[in-house]
>>> print(open('final31.cif').read())   # mmCIF, C-alpha atoms and all ligand atoms
data_protein
loop_
_atom_site.label_atom_id
_atom_site.label_comp_id
_atom_site.auth_asym_id
_atom_site.auth_seq_id
_atom_site.Cartn_x
_atom_site.Cartn_y
_atom_site.Cartn_z
CA MET A 1 0.00 0.00 0.00
CA GLN A 2 1.19 3.52 -0.72
CA LEU A 3 -0.21 6.92 0.25
CA ASP A 4 0.84 10.19 -1.40
CA SER A 5 0.29 13.64 0.09
CA HIS A 6 -3.20 13.93 -1.50
CA ALA A 7 -4.26 10.58 -0.09
CA ILE A 8 -2.98 11.55 3.36
CA ALA A 9 -4.78 14.91 3.18
CA ASP A 10 -8.01 13.15 2.11
CA LEU A 11 -8.07 10.79 5.12
CA PRO A 12 -10.75 11.58 7.72
CA SER A 13 -9.06 13.77 10.33
CA GLN A 14 -9.04 11.17 13.15
CA LYS A 15 -7.64 8.48 10.87
CA ARG A 16 -5.03 10.92 9.51
CA ALA A 17 -3.93 11.82 13.05
CA ALA A 18 -3.77 8.14 14.03
CA PHE A 19 -1.77 7.29 10.90
CA VAL A 20 0.78 10.10 11.20
CA ASN A 21 1.13 9.61 14.96
CA SER A 22 1.97 5.93 14.55
CA VAL A 23 4.00 6.01 11.31
CA THR A 24 6.66 8.13 13.01
CA GLY A 25 7.63 5.17 15.20
CA PHE A 26 7.80 4.17 18.83
CA LYS A 27 7.82 7.12 21.25
CA SER A 28 8.66 7.68 24.86
CA ALA A 29 5.73 7.77 27.29
CA ASN A 30 6.18 10.60 29.78
CA LEU A 31 4.10 12.56 32.24
CA VAL A 32 4.92 16.26 32.22
CA GLY A 33 4.38 17.85 35.64
CA THR A 34 3.93 21.58 36.14
CA ALA A 35 2.39 24.00 38.63
CA THR A 36 0.94 27.49 38.56
CA THR A 37 2.86 30.22 40.39
CA GLU A 38 0.41 29.61 43.27
CA GLY A 39 1.41 25.93 43.40
CA ALA A 40 -1.69 24.35 41.80
CA THR A 41 -0.50 21.17 40.08
CA ASN A 42 -1.01 19.93 36.53
CA LEU A 43 -0.02 16.69 34.83
CA ALA A 44 -0.22 15.68 31.15
CA ILE A 45 0.96 12.69 29.17
CA MET A 46 3.27 13.62 26.28
CA SER A 47 4.91 11.41 23.69
CA SER A 48 7.03 14.06 21.98
CA VAL A 49 10.01 14.24 24.34
CA VAL A 50 13.35 13.95 22.54
CA HIS A 51 16.98 14.31 23.51
CA LEU A 52 18.45 17.48 22.02
CA GLY A 53 21.98 17.40 23.41
CA SER A 54 23.86 16.11 26.41
CA HIS A 55 26.22 18.97 27.32
CA PRO A 56 24.25 20.87 28.50
CA PRO A 57 21.65 18.11 28.98
CA LEU A 58 18.81 19.42 26.80
CA VAL A 59 15.44 17.88 26.12
CA ALA A 60 12.83 19.12 23.64
CA LEU A 61 9.12 18.50 23.46
CA ILE A 62 6.30 19.60 21.22
CA ILE A 63 3.11 21.03 22.67
CA ARG A 64 -0.04 21.22 20.58
CA PRO A 65 -1.36 24.59 19.36
CA GLY A 66 -3.46 26.64 21.73
CA GLY A 67 -2.75 29.31 24.26
CA GLU A 68 -3.93 29.58 27.87
CA GLU A 69 -6.05 26.42 27.60
CA ARG A 70 -2.79 24.50 27.24
CA HIS A 71 -2.20 24.34 30.99
CA THR A 72 1.21 22.65 30.76
CA LEU A 73 2.62 25.35 28.49
CA ALA A 74 1.09 28.21 30.49
CA ASN A 75 2.63 26.82 33.71
CA MET A 76 6.02 26.24 32.10
CA LEU A 77 6.11 29.83 30.88
CA ALA A 78 4.95 31.17 34.26
CA THR A 79 7.36 29.21 36.51
CA GLY A 80 10.18 28.36 34.07
CA CYS A 81 10.19 24.75 35.32
CA PHE A 82 8.66 21.37 34.55
CA THR A 83 9.22 17.69 35.25
CA ILE A 84 9.37 14.64 32.99
CA ASN A 85 8.36 11.33 34.57
CA HIS A 86 8.68 7.98 32.79
CA VAL A 87 5.43 6.05 32.58
CA ASN A 88 5.81 2.49 33.90
CA THR A 89 3.50 -0.53 33.65
CA THR A 90 1.94 0.09 37.07
CA MET A 91 0.50 3.48 36.09
CA ILE A 92 -0.59 3.23 32.43
CA GLU A 93 -4.31 3.79 33.11
CA ALA A 94 -3.75 6.84 35.32
CA ALA A 95 -1.10 8.25 32.98
CA HIS A 96 -3.40 7.91 29.97
CA GLN A 97 -6.29 9.56 31.81
CA THR A 98 -4.23 12.76 32.23
CA ALA A 99 -4.88 13.41 28.51
CA ALA A 100 -8.51 14.23 29.33
CA ARG A 101 -9.35 17.94 29.08
CA TYR A 102 -9.88 18.75 32.74
CA PRO A 103 -10.68 22.37 33.57
CA GLN A 104 -7.76 24.43 34.84
CA GLN A 105 -8.88 24.25 38.51
CA ILE A 106 -8.85 20.42 38.51
CA SER A 107 -5.46 18.81 39.00
CA GLU A 108 -4.84 15.64 37.01
CA PHE A 109 -3.03 14.35 40.14
CA ASP A 110 -6.33 14.49 42.07
CA ALA A 111 -8.34 13.20 39.13
CA THR A 112 -6.13 10.14 38.55
CA GLY A 113 -4.82 9.36 42.05
CA LEU A 114 -1.17 9.87 41.08
CA THR A 115 0.95 11.42 43.83
CA PRO A 116 2.62 14.84 43.49
CA GLU A 117 6.16 14.71 44.83
CA TRP A 118 7.85 18.02 45.62
CA HIS A 119 11.57 18.61 45.82
CA GLU A 120 13.14 21.49 47.66
CA ASP A 121 13.38 24.75 45.72
CA PHE A 122 11.81 23.22 42.64
CA PRO A 123 8.42 24.66 41.65
CA ALA A 124 7.12 21.73 39.58
CA PRO A 125 5.81 18.38 40.91
CA MET A 126 7.31 15.01 40.08
CA VAL A 127 5.18 11.87 40.01
CA GLY A 128 5.67 9.74 43.13
CA GLU A 129 4.81 6.50 41.29
CA ALA A 130 7.42 7.06 38.54
CA TYR A 131 10.79 5.31 38.87
CA ILE A 132 12.66 7.73 36.60
CA LYS A 133 11.92 11.45 37.02
CA LEU A 134 13.61 14.59 35.78
CA GLY A 135 13.42 18.23 36.84
CA LEU A 136 13.97 20.71 34.03
CA GLN A 137 14.45 24.42 33.68
CA LEU A 138 12.87 26.03 30.64
CA ARG A 139 15.61 27.27 28.31
CA GLU A 140 13.78 28.14 25.11
CA HIS A 141 10.26 28.34 23.76
CA GLN A 142 9.27 28.88 20.14
CA ALA A 143 5.82 28.96 18.59
CA LEU A 144 6.45 27.21 15.27
CA GLU A 145 5.15 29.11 12.25
CA ILE A 146 4.47 26.00 10.21
CA ASN A 147 1.52 24.72 12.29
CA GLY A 148 1.26 26.70 15.53
CA THR A 149 2.76 23.96 17.71
CA HIS A 150 5.17 24.99 20.46
CA LEU A 151 8.74 23.78 20.70
CA VAL A 152 9.84 23.76 24.32
CA ILE A 153 13.44 23.16 25.31
CA GLY A 154 14.43 22.36 28.89
CA GLU A 155 17.70 21.64 30.66
CA ILE A 156 17.82 18.69 33.06
CA VAL A 157 18.77 20.07 36.48
CA LYS A 158 17.67 17.07 38.59
CA ALA A 159 17.53 13.37 37.72
CA LEU A 160 16.07 10.78 40.10
CA PHE A 161 16.29 7.06 39.29
CA PRO A 162 17.02 3.73 40.99
CA GLU A 163 20.78 3.38 41.43
CA SER A 164 20.56 -0.26 40.37
CA GLY A 165 19.17 0.87 36.99
CA LEU A 166 22.38 2.72 36.11
CA MET A 167 24.65 0.64 33.86
CA THR A 168 28.44 0.77 33.87
CA ASP A 169 28.55 2.77 30.59
CA GLY A 170 26.41 5.51 32.17
CA SER A 171 23.13 4.69 30.44
CA LEU A 172 19.94 3.75 32.25
CA ASN A 173 18.50 0.28 31.85
CA LEU A 174 15.00 1.43 30.92
CA SER A 175 13.73 -2.08 30.50
CA ALA A 176 14.70 -3.01 34.05
CA CYS A 177 13.18 0.27 35.24
CA ASP A 178 9.85 -0.80 33.70
CA THR A 179 9.64 2.25 31.39
CA VAL A 180 7.04 1.75 28.65
CA ALA A 181 6.94 3.03 25.06
CA LEU A 182 4.05 4.40 23.03
CA THR A 183 2.73 4.10 19.52
CA GLY A 184 0.12 6.54 18.32
CA LEU A 185 -1.97 8.05 21.06
CA ASP A 186 -3.22 4.87 22.65
CA THR A 187 -0.93 1.82 22.58
CA TYR A 188 1.56 1.19 25.37
CA HIS A 189 4.42 -1.25 24.84
CA GLU A 190 6.78 -3.03 27.17
CA GLY A 191 10.40 -2.33 26.17
CA LEU A 192 12.21 -5.60 25.57
CA PRO A 193 15.75 -5.31 24.21
CA VAL A 194 16.54 -7.33 21.08
CA LYS A 195 20.23 -6.58 20.51
CA ARG A 196 22.81 -4.21 21.90
CA MET A 197 25.43 -3.02 19.40
CA ALA A 198 28.93 -1.69 19.97
CA TYR A 199 29.88 1.84 18.80
CA ALA A 200 29.96 1.77 14.98
CA LYS A 201 33.32 2.41 13.27
CA PRO A 202 33.95 2.58 9.49
CA ASP A 203 36.81 0.02 9.59
CA LEU A 204 35.00 -2.57 11.74
CA PRO A 205 31.95 -4.72 11.02
CA PRO A 206 28.86 -4.36 13.25
CA ARG A 207 29.63 -6.02 16.59
CA GLN A 208 27.27 -6.94 19.35
CA ALA A 209 27.80 -5.62 22.84
CA GLN A 210 26.59 -7.41 25.93
CA LEU A 211 22.81 -7.36 26.01
CA MET A 212 21.26 -5.89 29.10
CA VAL A 213 19.14 -8.39 30.94
CA LYS A 214 15.65 -7.47 32.08
CA SER A 215 15.97 -7.97 35.79
CA PRO A 216 12.97 -6.52 37.59
CA ILE A 217 14.75 -3.66 39.35
CA CYS A 218 11.63 -1.59 39.59
CA ALA A 219 8.69 -3.72 38.59
CA ALA A 220 6.13 -4.04 41.35
C1 LIG B 301 -0.46 9.01 24.35
C2 LIG B 301 -0.62 10.51 24.29
C3 LIG B 301 0.47 11.32 23.96
C4 LIG B 301 0.34 12.72 23.92
N1 LIG B 301 1.42 13.49 23.57
C5 LIG B 301 1.28 14.83 23.53
C6 LIG B 301 2.38 15.66 23.18
O1 LIG B 301 3.49 15.19 22.91
N2 LIG B 301 2.18 17.01 23.15
C7 LIG B 301 0.96 17.57 23.46
O2 LIG B 301 0.83 18.80 23.42
N3 LIG B 301 -0.08 16.81 23.80
C8 LIG B 301 0.05 15.46 23.85
N4 LIG B 301 -1.01 14.69 24.20
C9 LIG B 301 -2.27 15.36 24.58
C10 LIG B 301 -2.23 15.90 25.99
O3 LIG B 301 -1.95 14.89 26.95
C11 LIG B 301 -3.59 16.56 26.32
O4 LIG B 301 -3.87 17.57 25.38
C12 LIG B 301 -3.66 17.13 27.72
O5 LIG B 301 -5.02 17.44 28.00
C13 LIG B 301 -2.84 18.38 27.88
O6 LIG B 301 -3.03 18.82 29.20
P1 LIG B 301 -2.84 20.33 29.66
O7 LIG B 301 -3.88 21.17 28.97
O8 LIG B 301 -3.06 20.23 31.13
O9 LIG B 301 -1.47 20.75 29.28
C14 LIG B 301 -0.91 13.31 24.22
C15 LIG B 301 -1.99 12.50 24.55
C16 LIG B 301 -1.86 11.11 24.59
C17 LIG B 301 -3.04 10.26 24.96
#
>>> encode(input="final31.cif", output="structure tokens", more="lines below")
Ligand SMILES: Cc1cc2nc3c(=O)[nH]c(=O)nc-3n(C[C@H](O)[C@H](O)[C@H](O)COP(=O)(O)O)c2cc1C
Amino acid sequence: MQLDSHAIADLPSQKRAAFVNSVTGFKSANLVGTATTEGATNLAIMSSVVHLGSHPPLVALIIRPGGEERHTLANMLATGCFTINHVNTTMIEAAHQTAARYPQQISEFDATGLTPEWHEDFPAPMVGEAYIKLGLQLREHQALEINGTHLVIGEIVKALFPESGLMTDGSLNLSACDTVALTGLDTYHEGLPVKRMAYAKPDLPPRQAQLMVKSPICAA
């Protein structure tokens, strides 16, 4: 099957969104935590988090068009801070429910039963049930001309994770930490490693590195 740009444009809007959201591959499943300047909490699931650079440690995410009714963006701009919390298998239902359009005065923490976790001098809540959680300071925000979405760039200033999930090369064993992946806007996947490859060099063939084993570091 093949779709050209006319065929994609002619799809019913919900099918088009489902197609484009899934055809771009597996995504990370994260809960973005924010608060108003008065400390009222907000939580929203986002699949658009990507690594932008590691020195400084920058992360980007895309927020849908809309102004004040986008509570996450409004809070980020007001406080300059937000958190990113990995969704794990124990909290998929609650995490997904945060996508519902609750009015501003209702916190998704209260609505879903997830626990706000505050850290000293940091004005955005982490998610108590998450095993991997990051605190970020807003570094850049751009409203993108092409479609009105917002590019938000944050710098990681706090990282909380189980020490046993940290591998000797410095990376986190996400599989052992029970982090899930997303396709589209509705399907949650367990992350099972298939192969681990050594750093690619032009004069060497592809070589396997030791595969990380899924030991249940974090699973309940
Ligand atoms: C699986 C999934 C992934 C999502 N990813 C994003 C995203 O990357 N960016 C975004 O703006 N909204 C995303 N959404 C929609 C938001 O979660 C939803 O609009 C939410 O109500 C925003 O909350 P807020 O108004 O409190 O910021 C996603 C929804 C689902 C179900």
>>> axis_aligned_box(input="final31.cif", around="ligand LIG 301 (chain B)", padding_each_side="4 Å", output="AutoDock Vina command-line options")
--center_x -0.8 --center_y 15.1 --center_z 27.0 --size_x 16.5 --size_y 20.2 --size_z 16.2
>>> closest_residue(input="final31.cif", among="A:Met91, A:Thr115, A:Val20, A:Ala99", to="Ser5 in chain A", atoms="only C-alpha atoms")
A:Val20
>>> closest_residue(input="final31.cif", among="A:Ser48, A:Asn75, A:Gln97, A:Gln210", to="Ile63 in chain A", atoms="all atoms listed in the file")
A:Ser48
>>> atom_distance(input="final31.cif", atom1="CA of Glu108 in chain A", atom2="atom C9 of ligand LIG 301 (chain B)")
12.7 Å
>>> atom_distance(input="final31.cif", atom1="CA of Gly33 in chain A", atom2="CA of Ala100 in chain A")
14.8 Å
>>> residues_near_ligand(input="final31.cif", ligand="ligand LIG 301 (chain B)", cutoff="6 Å", atoms="all atoms listed in the file", output="compact mmCIF listing (two decimals) with C-alpha atoms, in the frame of the given file")
# COMPACT_ATOMS: atom_id res chain seq x y z
CA ASN A 42 -1.01 19.93 36.53
CA LEU A 43 -0.02 16.69 34.83
CA ALA A 44 -0.22 15.68 31.15
CA ILE A 45 0.96 12.69 29.17
CA MET A 46 3.27 13.62 26.28
CA SER A 47 4.91 11.41 23.69
CA SER A 48 7.03 14.06 21.98
CA ILE A 62 6.30 19.60 21.22
CA ILE A 63 3.11 21.03 22.67
CA ARG A 64 -0.04 21.22 20.58
CA GLU A 69 -6.05 26.42 27.60
CA ARG A 70 -2.79 24.50 27.24
CA HIS A 71 -2.20 24.34 30.99
CA THR A 72 1.21 22.65 30.76
CA HIS A 96 -3.40 7.91 29.97
CA ALA A 99 -4.88 13.41 28.51
CA ALA A 100 -8.51 14.23 29.33
CA ARG A 101 -9.35 17.94 29.08
CA LEU A 185 -1.97 8.05 21.06
CA ASP A 186 -3.22 4.87 22.65
>>> closest_residue(input="final31.cif", among="A:Ser28, A:Asn85, A:Thr149, A:Ser171", to="Gly66 in chain A", atoms="all atoms listed in the file")
A:Thr149
>>> closest_residue(input="final31.cif", among="A:Cys177, A:Leu182, A:Val32, A:Ala7", to="Phe82 in chain A", atoms="all atoms listed in the file")
A:Val32
>>> closest_residue(input="final31.cif", among="A:Lys133, A:His119, A:His51, A:Arg207", to="His86 in chain A", atoms="all atoms listed in the file")
A:Lys133
>>> closest_residue(input="final31.cif", among="A:Val87, A:Leu160, A:Ala95, A:Leu114", to="Ser175 in chain A", atoms="only C-alpha atoms")
A:Val87
>>> atom_distance(input="final31.cif", atom1="CA of Ile84 in chain A", atom2="CA of Ile106 in chain A")
19.9 Å
>>> residues_around(input="final31.cif", residues="Ala198 in chain A", least_positions_apart="5", cutoff="8 Å", atoms="all atoms listed in the file", output="ChimeraX atom specification")
/A:206-209
>>> residues_around(input="final31.cif", residues="range 187-193 of chain A", least_positions_apart="6", cutoff="10 Å", atoms="all atoms listed in the file", output="number ranges by chain")
A: 22, 26-29, 87-89, 92, 96, 173-181, 211-214
>>> residues_around(input="final31.cif", residues="Ala78 in chain A", least_positions_apart="2", cutoff="7 Å", atoms="all atoms listed in the file", output="VMD selection string")
chain A and resid 36 to 37 74 to 76 80
>>> residues_near_point(input="final31.cif", point="(12.2, 25.3, 26.4)", cutoff="12 Å", atoms="only C-alpha atoms", output="number ranges by chain")
A: 49, 52, 58-63, 73, 76-77, 79-82, 136-143, 150-156
>>> write_last_selection(input="final31.cif", atoms="C-alpha atoms", output="PDB file, keeping the file's coordinate frame")
ATOM      1  CA  VAL A  49      10.010  14.240  24.340  1.00  0.00           C
ATOM      2  CA  LEU A  52      18.450  17.480  22.020  1.00  0.00           C
ATOM      3  CA  LEU A  58      18.810  19.420  26.800  1.00  0.00           C
ATOM      4  CA  VAL A  59      15.440  17.880  26.120  1.00  0.00           C
ATOM      5  CA  ALA A  60      12.830  19.120  23.640  1.00  0.00           C
ATOM      6  CA  LEU A  61       9.120  18.500  23.460  1.00  0.00           C
ATOM      7  CA  ILE A  62       6.300  19.600  21.220  1.00  0.00           C
ATOM      8  CA  ILE A  63       3.110  21.030  22.670  1.00  0.00           C
ATOM      9  CA  LEU A  73       2.620  25.350  28.490  1.00  0.00           C
ATOM     10  CA  MET A  76       6.020  26.240  32.100  1.00  0.00           C
ATOM     11  CA  LEU A  77       6.110  29.830  30.880  1.00  0.00           C
ATOM     12  CA  THR A  79       7.360  29.210  36.510  1.00  0.00           C
ATOM     13  CA  GLY A  80      10.180  28.360  34.070  1.00  0.00           C
ATOM     14  CA  CYS A  81      10.190  24.750  35.320  1.00  0.00           C
ATOM     15  CA  PHE A  82       8.660  21.370  34.550  1.00  0.00           C
ATOM     16  CA  LEU A 136      13.970  20.710  34.030  1.00  0.00           C
ATOM     17  CA  GLN A 137      14.450  24.420  33.680  1.00  0.00           C
ATOM     18  CA  LEU A 138      12.870  26.030  30.640  1.00  0.00           C
ATOM     19  CA  ARG A 139      15.610  27.270  28.310  1.00  0.00           C
ATOM     20  CA  GLU A 140      13.780  28.140  25.110  1.00  0.00           C
ATOM     21  CA  HIS A 141      10.260  28.340  23.760  1.00  0.00           C
ATOM     22  CA  GLN A 142       9.270  28.880  20.140  1.00  0.00           C
ATOM     23  CA  ALA A 143       5.820  28.960  18.590  1.00  0.00           C
ATOM     24  CA  HIS A 150       5.170  24.990  20.460  1.00  0.00           C
ATOM     25  CA  LEU A 151       8.740  23.780  20.700  1.00  0.00           C
ATOM     26  CA  VAL A 152       9.840  23.760  24.320  1.00  0.00           C
ATOM     27  CA  ILE A 153      13.440  23.160  25.310  1.00  0.00           C
ATOM     28  CA  GLY A 154      14.430  22.360  28.890  1.00  0.00           C
ATOM     29  CA  GLU A 155      17.700  21.640  30.660  1.00  0.00           C
ATOM     30  CA  ILE A 156      17.820  18.690  33.060  1.00  0.00           C
TER      31      ILE A 156
END
>>> residues_around(input="final31.cif", residues="Leu134 in chain A", least_positions_apart="4", cutoff="6 Å", atoms="only C-alpha atoms", output="number ranges by chain")
A: 83-84, 158-159
>>> decode(input="final31.cif", residues="range 118-192 of chain A", atoms="C-alpha atoms", output="mmCIF file, in the first residue's frame")
data_model
loop_
_atom_site.group_PDB
_atom_site.id
_atom_site.type_symbol
_atom_site.label_atom_id
_atom_site.label_comp_id
_atom_site.auth_asym_id
_atom_site.auth_seq_id
_atom_site.Cartn_x
_atom_site.Cartn_y
_atom_site.Cartn_z
ATOM 1 C CA TRP A 118 7.853 18.017 45.621
ATOM 2 C CA HIS A 119 11.566 18.610 45.818
ATOM 3 C CA GLU A 120 13.144 21.489 47.656
ATOM 4 C CA ASP A 121 13.380 24.753 45.721
ATOM 5 C CA PHE A 122 11.807 23.216 42.639
ATOM 6 C CA PRO A 123 8.423 24.663 41.651
ATOM 7 C CA ALA A 124 7.121 21.727 39.583
ATOM 8 C CA PRO A 125 5.811 18.383 40.908
ATOM 9 C CA MET A 126 7.313 15.013 40.080
ATOM 10 C CA VAL A 127 5.176 11.869 40.014
ATOM 11 C CA GLY A 128 5.667 9.736 43.132
ATOM 12 C CA GLU A 129 4.806 6.497 41.292
ATOM 13 C CA ALA A 130 7.421 7.057 38.543
ATOM 14 C CA TYR A 131 10.787 5.311 38.866
ATOM 15 C CA ILE A 132 12.657 7.728 36.596
ATOM 16 C CA LYS A 133 11.922 11.453 37.017
ATOM 17 C CA LEU A 134 13.607 14.592 35.780
ATOM 18 C CA GLY A 135 13.424 18.230 36.845
ATOM 19 C CA LEU A 136 13.968 20.714 34.029
ATOM 20 C CA GLN A 137 14.450 24.425 33.683
ATOM 21 C CA LEU A 138 12.866 26.034 30.643
ATOM 22 C CA ARG A 139 15.613 27.268 28.307
ATOM 23 C CA GLU A 140 13.780 28.139 25.105
ATOM 24 C CA HIS A 141 10.256 28.336 23.757
ATOM 25 C CA GLN A 142 9.270 28.878 20.143
ATOM 26 C CA ALA A 143 5.816 28.957 18.591
ATOM 27 C CA LEU A 144 6.455 27.209 15.275
ATOM 28 C CA GLU A 145 5.152 29.109 12.253
ATOM 29 C CA ILE A 146 4.472 26.004 10.211
ATOM 30 C CA ASN A 147 1.521 24.721 12.291
ATOM 31 C CA GLY A 148 1.261 26.697 15.534
ATOM 32 C CA THR A 149 2.764 23.959 17.711
ATOM 33 C CA HIS A 150 5.166 24.990 20.461
ATOM 34 C CA LEU A 151 8.739 23.776 20.704
ATOM 35 C CA VAL A 152 9.840 23.760 24.324
ATOM 36 C CA ILE A 153 13.443 23.156 25.310
ATOM 37 C CA GLY A 154 14.427 22.357 28.887
ATOM 38 C CA GLU A 155 17.696 21.643 30.656
ATOM 39 C CA ILE A 156 17.817 18.695 33.057
ATOM 40 C CA VAL A 157 18.766 20.073 36.476
ATOM 41 C CA LYS A 158 17.665 17.070 38.589
ATOM 42 C CA ALA A 159 17.534 13.366 37.725
ATOM 43 C CA LEU A 160 16.070 10.776 40.099
ATOM 44 C CA PHE A 161 16.288 7.060 39.295
ATOM 45 C CA PRO A 162 17.025 3.730 40.994
ATOM 46 C CA GLU A 163 20.784 3.376 41.435
ATOM 47 C CA SER A 164 20.560 -0.263 40.373
ATOM 48 C CA GLY A 165 19.171 0.872 36.990
ATOM 49 C CA LEU A 166 22.383 2.721 36.109
ATOM 50 C CA MET A 167 24.647 0.639 33.860
ATOM 51 C CA THR A 168 28.439 0.774 33.871
ATOM 52 C CA ASP A 169 28.555 2.772 30.594
ATOM 53 C CA GLY A 170 26.413 5.512 32.166
ATOM 54 C CA SER A 171 23.130 4.693 30.439
ATOM 55 C CA LEU A 172 19.944 3.752 32.250
ATOM 56 C CA ASN A 173 18.497 0.277 31.851
ATOM 57 C CA LEU A 174 15.002 1.432 30.917
ATOM 58 C CA SER A 175 13.727 -2.083 30.495
ATOM 59 C CA ALA A 176 14.697 -3.006 34.051
ATOM 60 C CA CYS A 177 13.179 0.274 35.238
ATOM 61 C CA ASP A 178 9.845 -0.804 33.696
ATOM 62 C CA THR A 179 9.638 2.251 31.392
ATOM 63 C CA VAL A 180 7.044 1.754 28.653
ATOM 64 C CA ALA A 181 6.937 3.034 25.058
ATOM 65 C CA LEU A 182 4.046 4.399 23.030
ATOM 66 C CA THR A 183 2.727 4.100 19.519
ATOM 67 C CA GLY A 184 0.118 6.540 18.318
ATOM 68 C CA LEU A 185 -1.966 8.051 21.060
ATOM 69 C CA ASP A 186 -3.224 4.865 22.653
ATOM 70 C CA THR A 187 -0.927 1.822 22.577
ATOM 71 C CA TYR A 188 1.563 1.195 25.368
ATOM 72 C CA HIS A 189 4.424 -1.252 24.842
ATOM 73 C CA GLU A 190 6.782 -3.034 27.172
ATOM 74 C CA GLY A 191 10.396 -2.329 26.171
ATOM 75 C CA LEU A 192 12.206 -5.604 25.568
#
